[in-house]
Amino acid sequence: MRLKSISNQLNNLRLKTACQMVLEIRESKNYFSTSKNCGKFLITGNLSVDGKLNDSIGSFVQLKHVFTQDEVNEFAVLNGDNNPLHIDPIFAKTTMFGGTIVHGIFVSSLFSTLFGRSIPGSIYISQKLNFKRPVHVGKEVIASIEVTTSELHKKGKIITCSTTCKYEDGTTAVDGEAKVLLPIV
């Protein structure tokens with residue numbers, strides 16, 4: 001009984017420490033901003049020009065990003081996936097990857113960043129993802145979305161986009177297709 005109590009106290013301490021670490025990271029860095037050209041994300045492209053949506057076929061936006069080990073560790077705390085391939089550089093170095101890799105779903109969250117910052121008010125309807133290669137912590141990737149169709153529906157406009165995340169050399173890490181709804185107001 002006493003051993004179980006000590007074990008529970010240790011688990012609570014670990015959780016509390018991890019949560020405090022997340023709060024400290026959030027407070028020390030500017031993660032939240034409404035500007036398209038500040039903080040961690042510089043978004044370029046022609047999907048939104050002077051605040052007006054350009055949803056013609058081929059319109060695109062992209063951003064470059066380097067995932068840090070601190071960001072990956074914070075994501076692991078938030079979602080509970082503490083696989084050592086993501087959070088333990090010593091362990092990950094002994095694997096076929098040769099170092100820590102970013103959670104695939106964390107990499108794909110860059111698509112949501114692109115939609116949210118370039119098409120304000122858009123609502124995700126679906127996202128298909130293909131994880132082709134791992135993204136290594138500390139390596140720059142380029143995430144992009146490109147309009148493939150834009151159709152009017154009675155609830156609004158549905159925009160379908162190809163989604164890709166590549167290394168600078170053009171090697172694809174993640175690709176897929178997303179649909180977003182722009183509600184009619």
# chains A, B, ... in the order shown; residues from 1 in each chain; ligands from 1
$ residues_around --residues "A:Phe67" --least-positions-apart "3" --cutoff "10 Å" --atoms "only C-alpha atoms" --output "MDAnalysis selection string"
chainID A and resid 70:72 101:102 106:107 135:141
$ write_last_selection --atoms "all heavy atoms" --output "mmCIF file, in the first residue's frame"
data_model
loop_
_atom_site.group_PDB
_atom_site.id
_atom_site.type_symbol
_atom_site.label_atom_id
_atom_site.label_comp_id
_atom_site.auth_asym_id
_atom_site.auth_seq_id
_atom_site.Cartn_x
_atom_site.Cartn_y
_atom_site.Cartn_z
ATOM 1 N N ASP A 70 12.850 21.102 -28.058
ATOM 2 C CA ASP A 70 11.908 21.638 -27.056
ATOM 3 C C ASP A 70 10.469 21.580 -27.554
ATOM 4 O O ASP A 70 9.555 21.230 -26.801
ATOM 5 C CB ASP A 70 12.253 23.091 -26.694
ATOM 6 C CG ASP A 70 13.454 23.214 -25.779
ATOM 7 O OD1 ASP A 70 13.876 22.196 -25.184
ATOM 8 O OD2 ASP A 70 13.979 24.337 -25.653
ATOM 9 N N GLU A 71 10.244 21.931 -28.828
ATOM 10 C CA GLU A 71 8.889 21.875 -29.387
ATOM 11 C C GLU A 71 8.371 20.439 -29.410
ATOM 12 O O GLU A 71 7.208 20.180 -29.070
ATOM 13 C CB GLU A 71 8.868 22.444 -30.808
ATOM 14 C CG GLU A 71 9.076 23.919 -30.888
ATOM 15 C CD GLU A 71 9.264 24.419 -32.312
ATOM 16 O OE1 GLU A 71 9.723 23.663 -33.193
ATOM 17 O OE2 GLU A 71 8.956 25.602 -32.533
ATOM 18 N N VAL A 72 9.222 19.506 -29.819
ATOM 19 C CA VAL A 72 8.820 18.100 -29.880
ATOM 20 C C VAL A 72 8.523 17.574 -28.480
ATOM 21 O O VAL A 72 7.532 16.860 -28.271
ATOM 22 C CB VAL A 72 9.904 17.256 -30.590
ATOM 23 C CG1 VAL A 72 9.595 15.764 -30.490
ATOM 24 C CG2 VAL A 72 10.021 17.677 -32.054
ATOM 25 N N ILE A 101 13.168 12.128 -34.098
ATOM 26 C CA ILE A 101 12.299 12.511 -35.207
ATOM 27 C C ILE A 101 11.032 13.163 -34.660
ATOM 28 O O ILE A 101 10.614 12.889 -33.542
ATOM 29 C CB ILE A 101 11.949 11.306 -36.121
ATOM 30 C CG1 ILE A 101 11.253 10.197 -35.333
ATOM 31 C CG2 ILE A 101 13.199 10.793 -36.824
ATOM 32 C CD1 ILE A 101 10.745 9.045 -36.200
ATOM 33 N N VAL A 102 10.445 14.020 -35.466
ATOM 34 C CA VAL A 102 9.244 14.761 -35.090
ATOM 35 C C VAL A 102 8.031 13.852 -35.282
ATOM 36 O O VAL A 102 7.965 13.084 -36.249
ATOM 37 C CB VAL A 102 9.102 16.033 -35.954
ATOM 38 C CG1 VAL A 102 7.895 16.860 -35.532
ATOM 39 C CG2 VAL A 102 10.384 16.862 -35.905
ATOM 40 N N PHE A 106 2.475 16.036 -35.786
ATOM 41 C CA PHE A 106 2.968 17.378 -35.451
ATOM 42 C C PHE A 106 3.461 18.065 -36.725
ATOM 43 O O PHE A 106 3.163 19.237 -36.959
ATOM 44 C CB PHE A 106 4.067 17.270 -34.399
ATOM 45 C CG PHE A 106 4.474 18.569 -33.756
ATOM 46 C CD1 PHE A 106 3.643 19.678 -33.733
ATOM 47 C CD2 PHE A 106 5.706 18.669 -33.130
ATOM 48 C CE1 PHE A 106 4.024 20.861 -33.118
ATOM 49 C CE2 PHE A 106 6.101 19.845 -32.511
ATOM 50 C CZ PHE A 106 5.266 20.938 -32.515
ATOM 51 N N VAL A 107 4.176 17.330 -37.556
ATOM 52 C CA VAL A 107 4.624 17.881 -38.842
ATOM 53 C C VAL A 107 3.415 18.307 -39.665
ATOM 54 O O VAL A 107 3.369 19.414 -40.208
ATOM 55 C CB VAL A 107 5.468 16.849 -39.637
ATOM 56 C CG1 VAL A 107 5.792 17.372 -41.032
ATOM 57 C CG2 VAL A 107 6.744 16.495 -38.878
ATOM 58 N N VAL A 135 10.745 13.304 -40.326
ATOM 59 C CA VAL A 135 11.324 14.645 -40.242
ATOM 60 C C VAL A 135 12.210 14.648 -39.000
ATOM 61 O O VAL A 135 11.740 14.380 -37.896
ATOM 62 C CB VAL A 135 10.235 15.736 -40.152
ATOM 63 C CG1 VAL A 135 10.847 17.090 -39.818
ATOM 64 C CG2 VAL A 135 9.448 15.806 -41.456
ATOM 65 N N HIS A 136 13.473 14.929 -39.197
ATOM 66 C CA HIS A 136 14.432 14.937 -38.098
ATOM 67 C C HIS A 136 14.390 16.271 -37.366
ATOM 68 O O HIS A 136 14.273 17.328 -37.994
ATOM 69 C CB HIS A 136 15.844 14.665 -38.625
ATOM 70 C CG HIS A 136 15.993 13.283 -39.173
ATOM 71 N ND1 HIS A 136 16.375 12.219 -38.392
ATOM 72 C CD2 HIS A 136 15.779 12.783 -40.406
ATOM 73 C CE1 HIS A 136 16.400 11.124 -39.136
ATOM 74 N NE2 HIS A 136 16.038 11.441 -40.355
ATOM 75 N N VAL A 137 14.477 16.203 -36.053
ATOM 76 C CA VAL A 137 14.541 17.407 -35.236
ATOM 77 C C VAL A 137 15.749 18.229 -35.700
ATOM 78 O O VAL A 137 16.825 17.684 -35.932
ATOM 79 C CB VAL A 137 14.660 17.044 -33.737
ATOM 80 C CG1 VAL A 137 14.949 18.275 -32.904
ATOM 81 C CG2 VAL A 137 13.394 16.349 -33.262
ATOM 82 N N GLY A 138 15.518 19.536 -35.880
ATOM 83 C CA GLY A 138 16.603 20.436 -36.273
ATOM 84 C C GLY A 138 16.778 20.604 -37.774
ATOM 85 O O GLY A 138 17.603 21.405 -38.205
ATOM 86 N N LYS A 139 16.023 19.880 -38.582
ATOM 87 C CA LYS A 139 16.124 19.996 -40.046
ATOM 88 C C LYS A 139 14.982 20.845 -40.578
ATOM 89 O O LYS A 139 13.829 20.681 -40.175
ATOM 90 C CB LYS A 139 16.065 18.616 -40.720
ATOM 91 C CG LYS A 139 17.175 17.689 -40.312
ATOM 92 C CD LYS A 139 18.497 18.143 -40.849
ATOM 93 C CE LYS A 139 19.576 17.134 -40.495
ATOM 94 N NZ LYS A 139 20.897 17.572 -40.846
ATOM 95 N N GLU A 140 15.294 21.739 -41.501
ATOM 96 C CA GLU A 140 14.265 22.619 -42.064
ATOM 97 C C GLU A 140 13.367 21.875 -43.044
ATOM 98 O O GLU A 140 13.850 21.081 -43.861
ATOM 99 C CB GLU A 140 14.908 23.812 -42.777
ATOM 100 C CG GLU A 140 13.881 24.816 -43.269
ATOM 101 C CD GLU A 140 14.529 26.068 -43.822
ATOM 102 O OE1 GLU A 140 15.080 25.995 -44.930
ATOM 103 O OE2 GLU A 140 14.474 27.099 -43.139
ATOM 104 N N VAL A 141 12.067 22.138 -42.929
ATOM 105 C CA VAL A 141 11.092 21.602 -43.874
ATOM 106 C C VAL A 141 10.280 22.755 -44.457
ATOM 107 O O VAL A 141 10.200 23.835 -43.869
ATOM 108 C CB VAL A 141 10.133 20.566 -43.225
ATOM 109 C CG1 VAL A 141 10.866 19.291 -42.869
ATOM 110 C CG2 VAL A 141 9.417 21.138 -42.017
#
$ residues_around --residues "A:Phe131" --least-positions-apart "2" --cutoff "9 Å" --atoms "only C-alpha atoms" --output "ChimeraX atom specification"
/A:104,129,133-134,172-176
$ residues_around --residues "A:Ser48" --least-positions-apart "6" --cutoff "12 Å" --atoms "only C-alpha atoms" --output "PyMOL selection string"
chain A and resi 36+54-56+59-62+114-120+146-147
$ select_by_dssp --residues "stretch 36-145 of chain A" --states "helix (DSSP H, G or I)" --output "compact mmCIF listing (two decimals) with N, CA, C and O atoms, in the first residue's frame"
# COMPACT_ATOMS: atom_id res chain seq x y z
N GLN A 69 13.97 20.42 -30.50
CA GLN A 69 13.71 19.36 -29.54
C GLN A 69 12.75 19.83 -28.46
O GLN A 69 11.89 19.07 -28.01
N ASP A 70 12.85 21.10 -28.06
CA ASP A 70 11.91 21.64 -27.06
C ASP A 70 10.47 21.58 -27.55
O ASP A 70 9.55 21.23 -26.80
N GLU A 71 10.24 21.93 -28.83
CA GLU A 71 8.89 21.87 -29.39
C GLU A 71 8.37 20.44 -29.41
O GLU A 71 7.21 20.18 -29.07
N VAL A 72 9.22 19.51 -29.82
CA VAL A 72 8.82 18.10 -29.88
C VAL A 72 8.52 17.57 -28.48
O VAL A 72 7.53 16.86 -28.27
N ASN A 73 9.34 17.95 -27.51
CA ASN A 73 9.10 17.53 -26.13
C ASN A 73 7.77 18.09 -25.60
O ASN A 73 7.01 17.39 -24.93
N GLU A 74 7.49 19.35 -25.92
CA GLU A 74 6.23 19.96 -25.49
C GLU A 74 5.05 19.24 -26.13
O GLU A 74 4.06 18.94 -25.48
N PHE A 75 5.16 18.94 -27.42
CA PHE A 75 4.09 18.22 -28.11
C PHE A 75 3.87 16.85 -27.47
O PHE A 75 2.73 16.41 -27.29
N ALA A 76 4.96 16.17 -27.11
CA ALA A 76 4.85 14.85 -26.48
C ALA A 76 4.11 14.95 -25.15
O ALA A 76 3.29 14.08 -24.82
N VAL A 77 4.36 16.01 -24.39
CA VAL A 77 3.66 16.21 -23.12
C VAL A 77 2.17 16.45 -23.38
O VAL A 77 1.31 15.88 -22.72
N LEU A 78 1.88 17.28 -24.37
CA LEU A 78 0.48 17.63 -24.64
C LEU A 78 -0.34 16.47 -25.16
O LEU A 78 -1.51 16.35 -24.85
N ASN A 79 0.27 15.60 -25.99
CA ASN A 79 -0.53 14.52 -26.59
C ASN A 79 -0.29 13.16 -25.95
O ASN A 79 -0.98 12.20 -26.27
N PRO A 84 10.37 7.18 -27.21
CA PRO A 84 11.75 7.69 -27.13
C PRO A 84 12.34 8.10 -28.48
O PRO A 84 13.31 8.86 -28.51
N LEU A 85 11.76 7.64 -29.58
CA LEU A 85 12.23 8.11 -30.89
C LEU A 85 12.05 9.61 -31.05
O LEU A 85 12.75 10.26 -31.81
N HIS A 86 11.09 10.16 -30.30
CA HIS A 86 10.80 11.59 -30.37
C HIS A 86 11.50 12.41 -29.29
O HIS A 86 11.91 13.54 -29.55
N ILE A 87 11.65 11.84 -28.10
CA ILE A 87 12.07 12.68 -26.97
C ILE A 87 13.40 12.30 -26.33
O ILE A 87 13.89 13.02 -25.46
N PRO A 89 17.15 11.77 -27.26
CA PRO A 89 18.22 11.81 -28.27
C PRO A 89 19.23 10.67 -28.14
O PRO A 89 19.73 10.17 -29.15
N ILE A 90 19.52 10.24 -26.93
CA ILE A 90 20.51 9.15 -26.74
C ILE A 90 19.95 7.85 -27.29
O ILE A 90 20.63 7.14 -28.04
N PHE A 91 18.71 7.54 -26.96
CA PHE A 91 18.08 6.33 -27.49
C PHE A 91 17.94 6.43 -29.01
O PHE A 91 18.30 5.51 -29.75
N ALA A 92 17.40 7.55 -29.48
CA ALA A 92 17.10 7.70 -30.91
C ALA A 92 18.37 7.60 -31.76
O ALA A 92 18.33 7.14 -32.90
N LYS A 93 19.50 8.00 -31.21
CA LYS A 93 20.77 7.92 -31.95
C LYS A 93 21.14 6.48 -32.27
O LYS A 93 21.81 6.21 -33.26
N GLY A 104 4.80 12.57 -36.66
CA GLY A 104 4.24 12.83 -37.98
C GLY A 104 3.04 13.76 -37.94
O GLY A 104 2.89 14.64 -38.79
N ILE A 105 2.19 13.59 -36.96
CA ILE A 105 1.00 14.42 -36.88
C ILE A 105 1.37 15.86 -36.50
O ILE A 105 0.67 16.80 -36.88
N PHE A 106 2.47 16.04 -35.79
CA PHE A 106 2.97 17.38 -35.45
C PHE A 106 3.46 18.07 -36.73
O PHE A 106 3.16 19.24 -36.96
N VAL A 107 4.18 17.33 -37.56
CA VAL A 107 4.62 17.88 -38.84
C VAL A 107 3.41 18.31 -39.67
O VAL A 107 3.37 19.41 -40.21
N SER A 108 2.40 17.45 -39.73
CA SER A 108 1.23 17.75 -40.55
C SER A 108 0.40 18.91 -39.98
O SER A 108 -0.41 19.49 -40.69
N SER A 109 0.64 19.28 -38.73
CA SER A 109 -0.08 20.43 -38.16
C SER A 109 0.33 21.73 -38.86
O SER A 109 -0.39 22.74 -38.76
N LEU A 110 1.43 21.72 -39.58
CA LEU A 110 1.82 22.91 -40.34
C LEU A 110 0.77 23.25 -41.40
O LEU A 110 0.59 24.42 -41.76
N PHE A 111 0.05 22.25 -41.90
CA PHE A 111 -1.02 22.51 -42.87
C PHE A 111 -2.13 23.33 -42.23
O PHE A 111 -2.66 24.26 -42.83
N SER A 112 -2.47 22.99 -41.00
CA SER A 112 -3.47 23.76 -40.27
C SER A 112 -3.01 25.20 -40.06
O SER A 112 -3.80 26.15 -40.17
N THR A 113 -1.73 25.37 -39.78
CA THR A 113 -1.16 26.72 -39.66
C THR A 113 -1.37 27.50 -40.94
O THR A 113 -1.79 28.66 -40.92
N LEU A 114 -1.09 26.86 -42.07
CA LEU A 114 -1.24 27.54 -43.36
C LEU A 114 -2.69 27.92 -43.63
O LEU A 114 -2.97 29.04 -44.07
N PHE A 115 -3.62 27.01 -43.37
CA PHE A 115 -5.03 27.33 -43.59
C PHE A 115 -5.49 28.45 -42.64
O PHE A 115 -6.13 29.41 -43.05
N GLY A 116 -5.17 28.30 -41.37
CA GLY A 116 -5.63 29.26 -40.38
C GLY A 116 -5.10 30.66 -40.59
O GLY A 116 -5.79 31.65 -40.34
N ARG A 117 -3.88 30.76 -41.08
CA ARG A 117 -3.28 32.08 -41.27
C ARG A 117 -3.57 32.68 -42.65
O ARG A 117 -3.49 33.89 -42.81
N SER A 118 -3.86 31.85 -43.64
CA SER A 118 -4.09 32.40 -44.98
C SER A 118 -5.56 32.44 -45.38
O SER A 118 -5.95 33.21 -46.25
$ atom_distance --atom1 "atom CA of A:Ile57" --atom2 "atom CA of A:Lys40"
27.9 Å
$ select_by_dssp --residues "stretch 29-174 of chain A" --states "strand (DSSP E)" --output "ChimeraX atom specification"
/A:37-38,41-45,48-49,52-53,60-66,123-131,140-153,156-167,172-174
$ atom_distance --atom1 "atom CA of A:Ile142" --atom2 "atom CA of A:Cys165"
5.4 Å
$ closest_residue --among "A:Gly80, A:Asp169, A:Ile43, A:Pro183" --to "A:Gly121" --atoms "only C-alpha atoms"
A:Pro183
$ atom_distance --atom1 "atom CA of A:Tyr167" --atom2 "atom CA of A:His103"
15.6 Å
$ decode --residues "stretch 125-140 of chain A" --atoms "N, CA, C and O atoms" --output "compact mmCIF listing (two decimals), in the first residue's frame"
# COMPACT_ATOMS: atom_id res chain seq x y z
N ILE A 125 -12.53 20.14 -43.12
CA ILE A 125 -13.52 19.09 -43.36
C ILE A 125 -12.84 17.73 -43.34
O ILE A 125 -13.33 16.78 -42.75
N SER A 126 -11.69 17.65 -44.04
CA SER A 126 -10.97 16.37 -44.07
C SER A 126 -9.50 16.61 -44.38
O SER A 126 -9.12 17.65 -44.92
N GLN A 127 -8.69 15.61 -44.03
CA GLN A 127 -7.27 15.64 -44.33
C GLN A 127 -6.80 14.21 -44.53
O GLN A 127 -6.98 13.37 -43.65
N LYS A 128 -6.26 13.92 -45.70
CA LYS A 128 -5.63 12.63 -45.96
C LYS A 128 -4.13 12.85 -45.87
O LYS A 128 -3.61 13.84 -46.40
N LEU A 129 -3.44 11.93 -45.20
CA LEU A 129 -2.00 12.08 -45.00
C LEU A 129 -1.26 10.82 -45.40
O LEU A 129 -1.73 9.71 -45.13
N ASN A 130 -0.12 11.00 -46.03
CA ASN A 130 0.80 9.92 -46.34
C ASN A 130 2.15 10.30 -45.75
O ASN A 130 2.73 11.32 -46.13
N PHE A 131 2.64 9.48 -44.81
CA PHE A 131 3.91 9.75 -44.17
C PHE A 131 4.99 9.00 -44.95
O PHE A 131 5.09 7.78 -44.85
N LYS A 132 5.77 9.74 -45.73
CA LYS A 132 6.75 9.15 -46.65
C LYS A 132 8.12 8.96 -46.00
O LYS A 132 8.78 7.96 -46.24
N ARG A 133 8.56 9.96 -45.24
CA ARG A 133 9.86 9.94 -44.59
C ARG A 133 9.76 10.67 -43.26
O ARG A 133 8.95 11.56 -43.11
N PRO A 134 10.63 10.30 -42.32
CA PRO A 134 10.61 11.01 -41.04
C PRO A 134 11.18 12.42 -41.19
O PRO A 134 11.98 12.69 -42.09
N VAL A 135 10.74 13.30 -40.33
CA VAL A 135 11.32 14.64 -40.24
C VAL A 135 12.21 14.65 -39.00
O VAL A 135 11.74 14.38 -37.90
N HIS A 136 13.47 14.93 -39.20
CA HIS A 136 14.43 14.94 -38.10
C HIS A 136 14.39 16.27 -37.37
O HIS A 136 14.27 17.33 -37.99
N VAL A 137 14.48 16.20 -36.05
CA VAL A 137 14.54 17.41 -35.24
C VAL A 137 15.75 18.23 -35.70
O VAL A 137 16.83 17.68 -35.93
N GLY A 138 15.52 19.54 -35.88
CA GLY A 138 16.60 20.44 -36.27
C GLY A 138 16.78 20.60 -37.77
O GLY A 138 17.60 21.40 -38.21
N LYS A 139 16.02 19.88 -38.58
CA LYS A 139 16.12 20.00 -40.05
C LYS A 139 14.98 20.85 -40.58
O LYS A 139 13.83 20.68 -40.18
N GLU A 140 15.29 21.74 -41.50
CA GLU A 140 14.27 22.62 -42.06
C GLU A 140 13.37 21.88 -43.04
O GLU A 140 13.85 21.08 -43.86
